[in-house]
Amino acid sequence: MNEFVETLLDLPWQTCDPKPAYDVVIIGAGGHGLSTAYHLATRHGITNVCVLDAGYIGSGNSGRNTTIIRSNYGIPESVAFYQHSLEMYQQLEAETGCWIMHSQKGQIWLAHSVTTARTEQTRALMNQAMGAKTDYIGPDEIKRLCPQIDLSGGGRYPVHGASYHHEGATARHDRVVWAYAQGALRAGVHVFQHTPVTGLLRDGDRVTGVRTTHGDISAGTVISAVGGNVTTVADWAGVRLPIRTHALQAFVTNAHAQEFAPIVSSNDLVFYVSQGPRGQMLLGAEYDRFASYRQATSFSYLQSVSKKAITMFPFLAKLRIMRSWTGICDVSTDFSPIMGDTGVPGFMISTGWGTWGFKAIPAGGEQLASLVATGSAPLIEPFGLDRFAKEAAMADPSSAGTR
Amino acid sequence: MLWVECPNCGSRPFEEYRYGSVFPVTPAAVTDPDARNVDYAWMQDNIAGITLERWFHEAGCRRWFTARRDTTTDVFLPVTD
C-alpha cells in the first residue's frame, strides 16, 4: 500500500448553521478535539456536540508534527497513558474502517555515552514494568535492525547501545484526523470549519458558551483542545497556565529507496529520523529554545539537524531537503500534558501537548470524553492542572525535548 | 535571517544569541501567598505579542541584556524605559 492508493473519504458534513446551544462545545478540530467528540458520541452517546475550528480540520499542530507513536516515556503514569494510546492506534483502522497508514516500525533510542546507556537501561526496565515493550540492545543488534547506521558516529558519537521500543510506529496524520472526523460526523456531531472562537460566554465564574464569528453558542461544557494559542483561550476564562509556546520544526528529504525500517532517535545528539511511505526521510529534533508564536522555519535549524543526522547516517548527505514545516506547540513547565478540569466550572482543557501530542490523540480523547460523561478518567487523573498546586508535577525526563 | 541589536556589539545574527526568559509577573489578583508561590514557580504569561525578556549574547560579548520582542514575528524592538 502507498499514499497514492486513495480510499474513499466520506465526511458527512452537517448542512445547518451552528445551533444556539450544545451539550458540549469543543474549540479546535484537530486530532484531540475530534477524538474527544468521537468518543463522546460513540462511547457515551453524547452526540449534541459541536467542534469549532478557525481553519480546516487538522490544520494546526495535527498537520505539523512527525507522526510518531510510542510509549517509552520516563515516568510510570506517562507510560501507562501512552501505552493505552498506542494500543488504541493499533486498533483504530479496525474500529473506524479508515486506513490511517499505521505502520509498526520499532524505535531505536541511541546512547552515545555510558551515562546515557544507563539512562536507556533504566527506561527499558521501567517500560517493561509498566507493560510497554522496550528492551536494551547492543551495537550488533542495532546494526542488524538499521544497517545504514555508522556505529562509530563519525568517530565522535560511538554507539554504546540503545533502548529498542518494539511497538514504535507511525501513521498518516491527516488520515487520523479524518478517521475521527468521519466517525464523529456519522454519529451526529457538528463540526464547523473556518469558525474562529473570539471569546467565552461567562455567567459569574462559570463558562457558559463561546463567542464565534458566526454568533454565540451556549454550552453545558466548553473544552479547549486548542494547540498553540491555548493561553489566549485560557485567559478568557481567567485560567493561568504553566504553558510556554515554542516553535517545533521538521523536514523531509527527497525520496530514497524504501529500506530504512525503524525510527531512530539519539539522546545525546538530539535528533530523530524515520522514513515516510513515499520514501522521504523525515528528520526532526527538539523545539526552538525561545518562546515564539511564529510558524517559521530557520536555516540554522535545517543545517544543525542535517549535520547531526549525517554524522550517524552518512547516506543522508546525498539527499536534498524538499519540504519543511513548523508547528507552534504548548510546552508545559513539567513536560507533561494537562488534561481535565481547570477550576472554572464548565471549562475543561486538553493542552500541554508540546512535542508529544500526536501519539496521545486516541487515549487523550477517550479519557477526556470519559471525564465529561462520567466524571472519572483514571489514566489522566495525574495530569490535571491542579497538580502544580498539589506539588505533584509530572516531570518526565523522557518526553521529547526535555533537556 | 534575523538580525538582533546587541547593546555592546551592535547588529549581529540571531543564532549568536541564547534565550533567557521573560520577566515573570504574577497577577496582582492572586493574593493568597501559597497561590502566588505556585504561580511564580510554574505559570507563564506566554504573551502572543510584545514581551520584555532577557537574552544572552553567547557567541559575542557574553553579556546578558534586556530585549523587547514581538513573539508573533520574532522581531526585536527598541527597549524603552
# chains A, B, ... in the order shown; residues from 1 in each chain; ligands from 1
>>> closest_atom_pairs(of="chain B", to="chain A", cutoff="7 Å", atoms="only C-alpha atoms", output="tab-separated table")
residue	atom	partner	partner_atom	distance
B:Tyr19	CA	A:Phe290	CA	5.4
B:Val38	CA	A:Ala389	CA	5.8
B:Trp42	CA	A:Pro242	CA	5.3
B:Met43	CA	A:Pro242	CA	3.9
B:Gln44	CA	A:Pro242	CA	5.2
B:Asn46	CA	A:Arg244	CA	5.3
B:Ala48	CA	A:Tyr293	CA	6.5
B:Thr71	CA	A:Ser292	CA	4.8
B:Thr72	CA	A:Tyr293	CA	4.7
B:Thr73	CA	A:Arg294	CA	5.5
B:Asp74	CA	A:Ser292	CA	6.8
>>> write_last_selection(atoms="C-alpha atoms", output="mmCIF file, in the first residue's frame")
data_model
loop_
_atom_site.group_PDB
_atom_site.id
_atom_site.type_symbol
_atom_site.label_atom_id
_atom_site.label_comp_id
_atom_site.auth_asym_id
_atom_site.auth_seq_id
_atom_site.Cartn_x
_atom_site.Cartn_y
_atom_site.Cartn_z
ATOM 1 C CA TYR B 19 17.143 32.978 25.103
ATOM 2 C CA VAL B 38 2.714 28.270 42.742
ATOM 3 C CA TRP B 42 5.084 27.239 37.329
ATOM 4 C CA MET B 43 2.789 29.634 35.498
ATOM 5 C CA GLN B 44 3.684 31.591 32.369
ATOM 6 C CA ASN B 46 3.125 33.322 27.389
ATOM 7 C CA ALA B 48 1.402 36.469 21.912
ATOM 8 C CA THR B 71 6.677 36.776 19.771
ATOM 9 C CA THR B 72 4.370 36.624 16.736
ATOM 10 C CA THR B 73 7.117 37.853 14.367
ATOM 11 C CA ASP B 74 10.337 37.296 16.387
#
>>> residues_around(residues="Tyr157 in chain A", least_positions_apart="2", cutoff="9 Å", atoms="only C-alpha atoms", output="count of residues only")
13
>>> select_by_dssp(residues="range 2-64 of chain B", states="helix (DSSP H, G or I)", output="MDAnalysis selection string")
chainID B and resid 14:16 33:42
>>> write_last_selection(atoms="N, CA and C atoms", output="mmCIF file, in the first residue's frame")
data_model
loop_
_atom_site.group_PDB
_atom_site.id
_atom_site.type_symbol
_atom_site.label_atom_id
_atom_site.label_comp_id
_atom_site.auth_asym_id
_atom_site.auth_seq_id
_atom_site.Cartn_x
_atom_site.Cartn_y
_atom_site.Cartn_z
ATOM 1 N N PHE B 14 21.026 36.398 14.605
ATOM 2 C CA PHE B 14 20.174 35.835 15.654
ATOM 3 C C PHE B 14 20.789 34.584 16.305
ATOM 4 N N GLU B 15 21.452 33.765 15.510
ATOM 5 C CA GLU B 15 21.985 32.484 16.002
ATOM 6 C C GLU B 15 23.048 32.666 17.079
ATOM 7 N N GLU B 16 23.607 33.864 17.202
ATOM 8 C CA GLU B 16 24.635 34.078 18.227
ATOM 9 C C GLU B 16 24.033 34.204 19.630
ATOM 10 N N PRO B 33 -0.713 33.853 49.524
ATOM 11 C CA PRO B 33 0.736 33.654 49.402
ATOM 12 C C PRO B 33 1.112 32.312 48.762
ATOM 13 N N ASP B 34 0.410 31.232 49.112
ATOM 14 C CA ASP B 34 0.714 29.928 48.515
ATOM 15 C C ASP B 34 0.434 29.946 47.022
ATOM 16 N N ALA B 35 -0.698 30.525 46.654
ATOM 17 C CA ALA B 35 -1.055 30.595 45.238
ATOM 18 C C ALA B 35 -0.040 31.436 44.470
ATOM 19 N N ARG B 36 0.469 32.487 45.112
ATOM 20 C CA ARG B 36 1.483 33.321 44.456
ATOM 21 C C ARG B 36 2.775 32.532 44.227
ATOM 22 N N ASN B 37 3.133 31.691 45.210
ATOM 23 C CA ASN B 37 4.318 30.848 45.035
ATOM 24 C C ASN B 37 4.157 29.864 43.884
ATOM 25 N N VAL B 38 2.983 29.219 43.824
ATOM 26 C CA VAL B 38 2.714 28.270 42.742
ATOM 27 C C VAL B 38 2.784 28.997 41.406
ATOM 28 N N ASP B 39 2.185 30.184 41.357
ATOM 29 C CA ASP B 39 2.183 30.959 40.119
ATOM 30 C C ASP B 39 3.604 31.323 39.710
ATOM 31 N N TYR B 40 4.400 31.763 40.684
ATOM 32 C CA TYR B 40 5.774 32.169 40.387
ATOM 33 C C TYR B 40 6.601 30.974 39.897
ATOM 34 N N ALA B 41 6.377 29.816 40.516
ATOM 35 C CA ALA B 41 7.183 28.638 40.184
ATOM 36 C C ALA B 41 6.813 28.036 38.830
ATOM 37 N N TRP B 42 5.521 28.042 38.480
ATOM 38 C CA TRP B 42 5.084 27.239 37.329
ATOM 39 C C TRP B 42 4.438 28.029 36.192
#
>>> closest_atom_pairs(of="range 325-397 of chain A", to="range 58-72 of chain A", cutoff="9 Å", atoms="only C-alpha atoms", output="CSV")
residue,atom,partner,partner_atom,distance
A:Trp325,CA,A:Arg64,CA,6.4
A:Thr326,CA,A:Arg64,CA,6.2
A:Gly327,CA,A:Arg64,CA,5.1
A:Ile328,CA,A:Asn61,CA,7.0
A:Cys329,CA,A:Asn61,CA,7.3
A:Thr355,CA,A:Asn65,CA,7.8
A:Trp356,CA,A:Ile68,CA,8.5
A:Gly357,CA,A:Ser62,CA,8.2
A:Phe358,CA,A:Thr67,CA,6.1
A:Lys359,CA,A:Ile69,CA,4.5
A:Ala360,CA,A:Ile69,CA,8.0
>>> write_last_selection(atoms="C-alpha atoms", output="PDB file, in the first residue's frame")
ATOM      1  CA  TRP A 325       7.176  22.810   8.345  1.00  0.00           C
ATOM      2  CA  THR A 326       6.809  24.353  11.760  1.00  0.00           C
ATOM      3  CA  GLY A 327       4.154  23.943  14.386  1.00  0.00           C
ATOM      4  CA  ILE A 328       3.747  26.030  17.490  1.00  0.00           C
ATOM      5  CA  CYS A 329       3.490  23.730  20.448  1.00  0.00           C
ATOM      6  CA  THR A 355       6.072  17.662  21.154  1.00  0.00           C
ATOM      7  CA  TRP A 356       4.143  14.562  22.220  1.00  0.00           C
ATOM      8  CA  GLY A 357       0.553  15.253  21.167  1.00  0.00           C
ATOM      9  CA  PHE A 358       0.047  13.106  18.072  1.00  0.00           C
ATOM     10  CA  LYS A 359       0.635   9.782  19.814  1.00  0.00           C
ATOM     11  CA  ALA A 360      -1.874  10.726  22.509  1.00  0.00           C
TER      12      ALA A 360
END
>>> atom_distance(atom1="CA of Ala184 in chain A", atom2="CA of Gly30 in chain A")
12.5 Å
>>> select_by_dssp(residues="chain B", states="strand (DSSP E)", output="PyMOL selection string")
chain B and resi 3-6+10-13+18-22+50-56+64-70+75-77
>>> write_last_selection(atoms="C-alpha atoms", output="PDB file, in the first residue's frame")
ATOM      1  CA  TRP B   3      19.499  40.296  12.975  1.00  0.00           C
ATOM      2  CA  VAL B   4      19.449  41.352  16.600  1.00  0.00           C
ATOM      3  CA  GLU B   5      20.824  44.545  18.108  1.00  0.00           C
ATOM      4  CA  CYS B   6      23.199  43.802  20.996  1.00  0.00           C
ATOM      5  CA  GLY B  10      25.682  46.155  17.536  1.00  0.00           C
ATOM      6  CA  SER B  11      23.663  44.201  14.995  1.00  0.00           C
ATOM      7  CA  ARG B  12      24.585  40.502  14.968  1.00  0.00           C
ATOM      8  CA  PRO B  13      22.968  37.316  13.559  1.00  0.00           C
ATOM      9  CA  ARG B  18      20.574  32.484  23.631  1.00  0.00           C
ATOM     10  CA  TYR B  19      17.143  32.978  25.103  1.00  0.00           C
ATOM     11  CA  GLY B  20      16.997  33.528  28.846  1.00  0.00           C
ATOM     12  CA  SER B  21      13.444  34.057  29.988  1.00  0.00           C
ATOM     13  CA  VAL B  22      10.674  36.595  30.270  1.00  0.00           C
ATOM     14  CA  ILE B  50       5.377  42.189  22.668  1.00  0.00           C
ATOM     15  CA  THR B  51       7.304  40.801  25.641  1.00  0.00           C
ATOM     16  CA  LEU B  52      10.136  42.047  27.796  1.00  0.00           C
ATOM     17  CA  GLU B  53      12.769  39.383  28.255  1.00  0.00           C
ATOM     18  CA  ARG B  54      16.417  38.602  28.943  1.00  0.00           C
ATOM     19  CA  TRP B  55      18.779  37.405  26.195  1.00  0.00           C
ATOM     20  CA  PHE B  56      22.409  36.314  26.377  1.00  0.00           C
ATOM     21  CA  TRP B  64      23.060  39.497  29.350  1.00  0.00           C
ATOM     22  CA  PHE B  65      20.754  42.253  28.187  1.00  0.00           C
ATOM     23  CA  THR B  66      17.074  43.134  28.252  1.00  0.00           C
ATOM     24  CA  ALA B  67      15.185  42.934  24.981  1.00  0.00           C
ATOM     25  CA  ARG B  68      11.697  43.728  23.732  1.00  0.00           C
ATOM     26  CA  ARG B  69      10.470  41.237  21.185  1.00  0.00           C
ATOM     27  CA  ASP B  70       7.254  40.517  19.316  1.00  0.00           C
ATOM     28  CA  VAL B  75      11.294  40.897  15.559  1.00  0.00           C
ATOM     29  CA  PHE B  76      13.322  42.677  18.246  1.00  0.00           C
ATOM     30  CA  LEU B  77      12.183  46.195  19.112  1.00  0.00           C
TER      31      LEU B  77
END
>>> closest_residue(among="A:Ala124, A:Tyr22, A:Ile349, A:Val233", to="Ile47 in chain B", atoms="only C-alpha atoms")
A:Val233
>>> atom_distance(atom1="CA of Gln193 in chain A", atom2="CA of Val24 in chain A")
16.6 Å
>>> atom_distance(atom1="CA of Phe251 in chain A", atom2="CA of Gly352 in chain A")
22.8 Å
>>> residues_around(residues="Cys9 in chain B", least_positions_apart="6", cutoff="10 Å", atoms="only C-alpha atoms", output="PyMOL selection string")
chain B and resi 57+60-61
>>> write_last_selection(atoms="N, CA and C atoms", output="PDB file, in the first residue's frame")
ATOM      1  N   HIS B  57      24.114  37.160  24.869  1.00  0.00           N
ATOM      2  CA  HIS B  57      24.883  37.165  23.614  1.00  0.00           C
ATOM      3  C   HIS B  57      26.012  36.145  23.731  1.00  0.00           C
ATOM      4  N   GLY B  60      29.083  36.235  21.375  1.00  0.00           N
ATOM      5  CA  GLY B  60      29.573  37.592  21.183  1.00  0.00           C
ATOM      6  C   GLY B  60      30.229  38.082  22.457  1.00  0.00           C
ATOM      7  N   CYS B  61      29.644  39.129  23.054  1.00  0.00           N
ATOM      8  CA  CYS B  61      30.240  39.732  24.247  1.00  0.00           C
ATOM      9  C   CYS B  61      29.981  38.923  25.511  1.00  0.00           C
TER      10      CYS B  61
END
>>> residues_around(residues="Ile338 in chain A", least_positions_apart="4", cutoff="6 Å", atoms="only C-alpha atoms", output="JSON, numbers by chain")
{"A": [350, 351, 352, 383, 384, 385]}
>>> residues_around(residues="range 161-168 of chain A", least_positions_apart="2", cutoff="10 Å", atoms="only C-alpha atoms", output="PyMOL selection string")
chain A and resi 68-72+83+86-87+90+103-114+116-125+127+132-142+145+151+158-159+170+262-267
>>> write_last_selection(atoms="N, CA and C atoms", output="compact mmCIF listing (two decimals), in the first residue's frame")
# COMPACT_ATOMS: atom_id res chain seq x y z
N ILE A 68 4.92 10.30 15.11
CA ILE A 68 5.49 9.14 15.80
C ILE A 68 4.58 8.70 16.94
N ILE A 69 4.36 7.39 17.01
CA ILE A 69 3.53 6.80 18.05
C ILE A 69 4.45 5.91 18.90
N ARG A 70 4.55 6.22 20.18
CA ARG A 70 5.42 5.43 21.06
C ARG A 70 4.94 5.58 22.49
N SER A 71 5.42 4.69 23.36
CA SER A 71 5.02 4.80 24.77
C SER A 71 6.21 4.66 25.70
N ASN A 72 7.42 4.82 25.17
CA ASN A 72 8.62 4.63 26.01
C ASN A 72 8.97 5.90 26.79
N GLN A 83 0.90 3.99 26.48
CA GLN A 83 0.77 2.60 26.04
C GLN A 83 -0.68 2.31 25.65
N LEU A 86 -1.18 3.94 22.32
CA LEU A 86 -0.51 3.15 21.28
C LEU A 86 -1.35 1.93 20.89
N GLU A 87 -1.94 1.28 21.90
CA GLU A 87 -2.77 0.11 21.62
C GLU A 87 -4.06 0.52 20.90
N GLN A 90 -3.32 0.89 17.31
CA GLN A 90 -3.21 -0.40 16.62
C GLN A 90 -4.59 -0.90 16.19
N SER A 103 1.82 2.01 10.68
CA SER A 103 2.95 1.17 10.31
C SER A 103 3.88 1.00 11.51
N GLN A 104 3.93 -0.24 12.01
CA GLN A 104 4.78 -0.50 13.18
C GLN A 104 6.22 -0.65 12.73
N LYS A 105 7.10 0.18 13.27
CA LYS A 105 8.47 0.22 12.79
C LYS A 105 9.51 -0.13 13.86
N GLY A 106 9.16 0.06 15.10
CA GLY A 106 10.13 -0.10 16.17
C GLY A 106 10.97 1.16 16.29
N GLN A 107 11.26 1.56 17.50
CA GLN A 107 12.06 2.77 17.68
C GLN A 107 13.35 2.45 18.41
N ILE A 108 14.47 2.88 17.82
CA ILE A 108 15.79 2.69 18.44
C ILE A 108 16.20 4.02 19.05
N TRP A 109 16.45 4.02 20.35
CA TRP A 109 16.83 5.27 21.02
C TRP A 109 18.30 5.14 21.42
N LEU A 110 19.18 5.78 20.65
CA LEU A 110 20.62 5.56 20.77
C LEU A 110 21.22 6.20 22.01
N ALA A 111 22.25 5.53 22.54
CA ALA A 111 23.05 6.10 23.64
C ALA A 111 24.49 6.18 23.16
N HIS A 112 25.08 7.37 23.26
CA HIS A 112 26.46 7.55 22.79
C HIS A 112 27.44 7.68 23.93
N SER A 113 26.98 7.49 25.16
CA SER A 113 27.89 7.55 26.29
C SER A 113 27.45 6.54 27.34
N VAL A 114 28.33 6.23 28.25
CA VAL A 114 28.00 5.26 29.30
C VAL A 114 26.83 5.76 30.15
N THR A 116 24.38 7.82 29.25
CA THR A 116 23.11 7.71 28.52
C THR A 116 22.69 6.24 28.40
N ALA A 117 23.67 5.36 28.23
CA ALA A 117 23.35 3.94 28.14
C ALA A 117 22.63 3.48 29.41
N ARG A 118 23.11 3.99 30.53
CA ARG A 118 22.47 3.66 31.82
C ARG A 118 21.04 4.21 31.85
N THR A 119 20.86 5.42 31.36
CA THR A 119 19.52 6.02 31.30
C THR A 119 18.59 5.16 30.45
N GLU A 120 19.12 4.68 29.31
CA GLU A 120 18.30 3.86 28.41
C GLU A 120 17.96 2.50 29.03
N GLN A 121 18.92 1.94 29.80
CA GLN A 121 18.64 0.68 30.50
C GLN A 121 17.54 0.88 31.53
N THR A 122 17.61 2.00 32.22
CA THR A 122 16.58 2.32 33.22
C THR A 122 15.22 2.46 32.54
N ARG A 123 15.23 3.16 31.41
CA ARG A 123 13.99 3.36 30.68
C ARG A 123 13.39 2.01 30.27
N ALA A 124 14.25 1.10 29.75
CA ALA A 124 13.75 -0.20 29.30
C ALA A 124 13.10 -0.97 30.46
N LEU A 125 13.76 -0.97 31.61
CA LEU A 125 13.23 -1.70 32.76
C LEU A 125 11.92 -1.11 33.25
N ASN A 127 9.82 0.74 31.51
CA ASN A 127 8.79 0.49 30.50
C ASN A 127 8.23 -0.93 30.64
N ALA A 132 5.02 -1.68 28.66
CA ALA A 132 5.46 -1.27 27.33
C ALA A 132 6.64 -2.14 26.90
N LYS A 133 6.66 -2.50 25.62
CA LYS A 133 7.68 -3.45 25.16
C LYS A 133 8.94 -2.71 24.74
N THR A 134 9.85 -2.54 25.68
CA THR A 134 11.13 -1.89 25.42
C THR A 134 12.25 -2.75 25.97
N ASP A 135 13.30 -2.97 25.15
CA ASP A 135 14.46 -3.74 25.59
C ASP A 135 15.71 -2.93 25.37
N TYR A 136 16.74 -3.24 26.16
CA TYR A 136 18.04 -2.62 25.91
C TYR A 136 18.81 -3.53 24.94
N ILE A 137 19.34 -2.96 23.85
CA ILE A 137 20.06 -3.77 22.86
C ILE A 137 21.46 -3.20 22.63
N GLY A 138 22.34 -4.07 22.16
CA GLY A 138 23.74 -3.67 21.92
C GLY A 138 23.97 -3.26 20.48
N PRO A 139 25.20 -2.80 20.16
CA PRO A 139 25.51 -2.30 18.82
C PRO A 139 25.24 -3.31 17.69
N ASP A 140 25.52 -4.61 17.92
CA ASP A 140 25.31 -5.60 16.85
C ASP A 140 23.85 -5.66 16.44
N GLU A 141 22.98 -5.67 17.44
CA GLU A 141 21.54 -5.74 17.17
C GLU A 141 21.07 -4.45 16.48
N ILE A 142 21.65 -3.32 16.89
CA ILE A 142 21.29 -2.04 16.25
C ILE A 142 21.66 -2.09 14.76
N LEU A 145 19.21 -4.18 12.83
CA LEU A 145 17.91 -3.53 12.62
C LEU A 145 18.02 -2.35 11.66
N LEU A 151 28.13 3.08 13.26
CA LEU A 151 28.20 2.83 14.71
C LEU A 151 29.31 3.63 15.39
N PRO A 158 30.26 7.45 19.22
CA PRO A 158 30.15 6.00 19.12
C PRO A 158 28.86 5.49 19.78
N VAL A 159 28.28 4.45 19.19
CA VAL A 159 27.03 3.92 19.73
C VAL A 159 27.35 2.87 20.79
N THR A 170 4.36 4.68 13.14
CA THR A 170 3.92 5.96 12.57
C THR A 170 2.56 5.75 11.92
N PRO A 262 13.40 1.26 10.82
CA PRO A 262 12.93 1.73 12.13
C PRO A 262 12.84 3.26 12.22
N ILE A 263 12.42 3.72 13.38
CA ILE A 263 12.55 5.13 13.76
C ILE A 263 13.81 5.18 14.62
N VAL A 264 14.72 6.08 14.34
CA VAL A 264 15.94 6.16 15.16
C VAL A 264 16.02 7.53 15.82
N SER A 265 16.21 7.53 17.13
CA SER A 265 16.38 8.78 17.87
C SER A 265 17.73 8.75 18.55
N SER A 266 18.27 9.91 18.80
CA SER A 266 19.52 9.97 19.56
C SER A 266 19.37 10.93 20.71
N ASN A 267 19.63 10.42 21.91
CA ASN A 267 19.51 11.23 23.11
C ASN A 267 20.58 12.30 23.19
>>> closest_residue(among="A:Phe335, A:Phe271, A:Phe192, A:Trp236", to="Val305 in chain A", atoms="only C-alpha atoms")
A:Phe271
>>> residues_around(residues="Leu319 in chain A", least_positions_apart="6", cutoff="9 Å", atoms="only C-alpha atoms", output="tab-separated table (two decimals) with C-alpha atoms, in the first residue's frame")
chain	number	residue	atom	x	y	z
A	253	THR	CA	14.14	14.95	2.09
A	254	ASN	CA	13.52	13.74	-1.43
A	255	ALA	CA	12.61	10.08	-1.87
A	256	HIS	CA	15.07	7.35	-1.06
A	281	MET	CA	13.45	10.67	5.07
